[in-house]
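Report on one structure; see the data block that follows.
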Amino acid sequence: MRVVCPKTLHVATALILISTTSWGCGLTAPTKYEPLGQKGGYQDSALQENLYHVEFIGNGYTTLGTAREYWLYRCAEITVENGHDYFEITEGNARSETFGLAMGGFGSVASKPRFEGIIRLHSGEMPEGREDLFDARELMAMLDANIKR
């Protein structure tokens with residue numbers, strides 16, 4: 001029979017509580033709409049004039065649908081910020097990265113959604129009937145209520 005010293009037990013319990021509360025601190029909610037940081041977010045870069053790579057990475061509490069909405073919102077924001085009216089999705093990719101956490105004999109698995117793609121910015125009247133084109137201002141107005149900052 002193994003005897004555990006009460007002092008050792010208290011130290012071990014304290015370490016587990018500290019690590020689980022610091023792990024969960026701020027991560028018990030979906031990723032907010034913000035620039036990429038430790039908890040996820042968006043990032044983008046200009047590839048050439050009017051051509052951008054845009055990415056949104058969520059945490060384990062972010063749904064794929066939320067990640068997609070935030071990605072689309074960022075695409076629309078970039079379009080408006082650059083003085084354009086609509087954008088075209090030239091490449092797009094959605095995926096989830098699965099990860100696990102084990103602590104004290106317990107474990108869990110979660111997935112982090114990730115949307116990324118390349119968009120081309122356009123000005124003027126948007127052609128009708130194309131599913132790869134989005135009116136930036138209209139899209140922002142439609143999604144704004146769902147964006148958590």
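Simple scheme: letters A, B, ... for chains in structure tokens order, numbers from 1 for residues in each chain, numbers from 1 for ligands in the order shown.
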Set the distance at 10 Å and use only C-alpha atoms: which residues neighbour Gly117 in chain A once local chain neighbours fewer than 6 positions away are removed? I'd like the list as a PDB file with C-alpha atoms, in the first residue's frame.
ATOM      1  CA  ASP A  44      -4.325  38.607 -43.422  1.00  0.00           C
ATOM      2  CA  TYR A  52      -5.268  39.052 -50.102  1.00  0.00           C
ATOM      3  CA  HIS A  53      -4.683  35.888 -48.121  1.00  0.00           C
ATOM      4  CA  VAL A  54      -7.149  35.846 -45.206  1.00  0.00           C
ATOM      5  CA  GLU A  55      -7.253  33.344 -42.350  1.00  0.00           C
ATOM      6  CA  PHE A  56      -9.344  32.805 -39.211  1.00  0.00           C
ATOM      7  CA  TRP A  71     -13.567  34.725 -41.970  1.00  0.00           C
ATOM      8  CA  LEU A  72     -16.198  36.149 -44.330  1.00  0.00           C
ATOM      9  CA  CYS A  75     -12.852  39.488 -46.025  1.00  0.00           C
ATOM     10  CA  ILE A  89     -13.127  34.103 -53.333  1.00  0.00           C
ATOM     11  CA  THR A  90     -10.433  32.716 -55.631  1.00  0.00           C
ATOM     12  CA  GLU A  91      -9.272  29.960 -53.254  1.00  0.00           C
ATOM     13  CA  GLY A  92     -10.743  28.689 -50.025  1.00  0.00           C
ATOM     14  CA  ASN A  93     -10.034  25.977 -47.513  1.00  0.00           C
ATOM     15  CA  ALA A  94     -11.758  24.918 -44.298  1.00  0.00           C
TER      16      ALA A  94
END
- Message: Ranking A:Ala145, A:Ala136, A:Ala29, A:Met126 by minimum distance to Thr63 in chain A and counting only C-alpha atoms, which one comes first?
- Response: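 Going through A:Ala145, A:Ala136, A:Ala29, A:Met126 one by one, the smallest distance to Thr63 in chain A is for A:Ala29.
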- Closest to Tyr42 in chain A among A:Arg120, A:Arg74, A:Arg68, A:Arg95, using only C-alpha atoms? A:Arg74
- Message: Could you check the closest approach to Glu49 in chain A for each of A:Arg137, A:Arg149, A:Met142, A:Leu121 and tell me which residue wins, using only C-alpha atoms?
- Response: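 Using only C-alpha atoms, the shortest distance to Glu49 in chain A belongs to A:Leu121.
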- Message: Using Å and a single decimal, report how far CA of Thr66 in chain A sits from CA of Phe134 in chain A.
- Response: 17.7 Å
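Considering only C-alpha atoms, the residue among A:Phe99, A:Tyr86, A:Tyr61, A:Phe106 positioned nearest to Ile119 in chain A is A:Tyr86.
Of the residues under consideration (A:Ala141, A:Ala67, A:Leu133, A:Ile147), A:Leu133 shows the shortest atom-to-atom contact distance to Glu88 in chain A when counting only C-alpha atoms.
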- Judged by only C-alpha atoms, the minimum distance to Glu138 in chain A among A:Tyr73, A:Gly124, A:Leu51, A:Thr98 is found for A:Tyr73
- Find the distance between CA of Ser123 in chain A and CA of Met140 in chain A and write it in Å to one decimal.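 For CA of Ser123 in chain A relative to CA of Met140 in chain A, the distance reads 16.3 Å.
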- Task: Determine which residues of range 55-127 of chain A receive a DSSP assignment of alpha helix (DSSP H), computed from the backbone, and state them as a PyMOL selection string.
- Result: chain A and resi 64-81
Keeping C-alpha atoms, export the residues of the selection given above as a compact mmCIF listing (two decimals), in the first residue's frame.
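Generated output (result15.txt):
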# COMPACT_ATOMS: atom_id res chain seq x y z
CA LEU A 64 -16.90 25.73 -37.80
CA GLY A 65 -19.88 27.94 -38.66
CA THR A 66 -18.65 30.77 -36.43
CA ALA A 67 -15.13 30.49 -37.90
CA ARG A 68 -16.62 30.75 -41.41
CA GLU A 69 -18.70 33.82 -40.50
CA TYR A 70 -15.69 35.55 -38.91
CA TRP A 71 -13.57 34.73 -41.97
CA LEU A 72 -16.20 36.15 -44.33
CA TYR A 73 -16.59 39.22 -42.13
CA ARG A 74 -12.84 39.86 -42.23
CA CYS A 75 -12.85 39.49 -46.03
CA ALA A 76 -15.64 42.08 -46.23
CA GLU A 77 -13.83 44.39 -43.82
CA ILE A 78 -10.63 44.29 -45.91
CA THR A 79 -12.68 45.07 -49.01
CA VAL A 80 -14.30 48.15 -47.46
CA GLU A 81 -11.06 49.32 -45.77
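One finds CA of Leu143 in chain A at 21.2 Å from CA of Lys112 in chain A.
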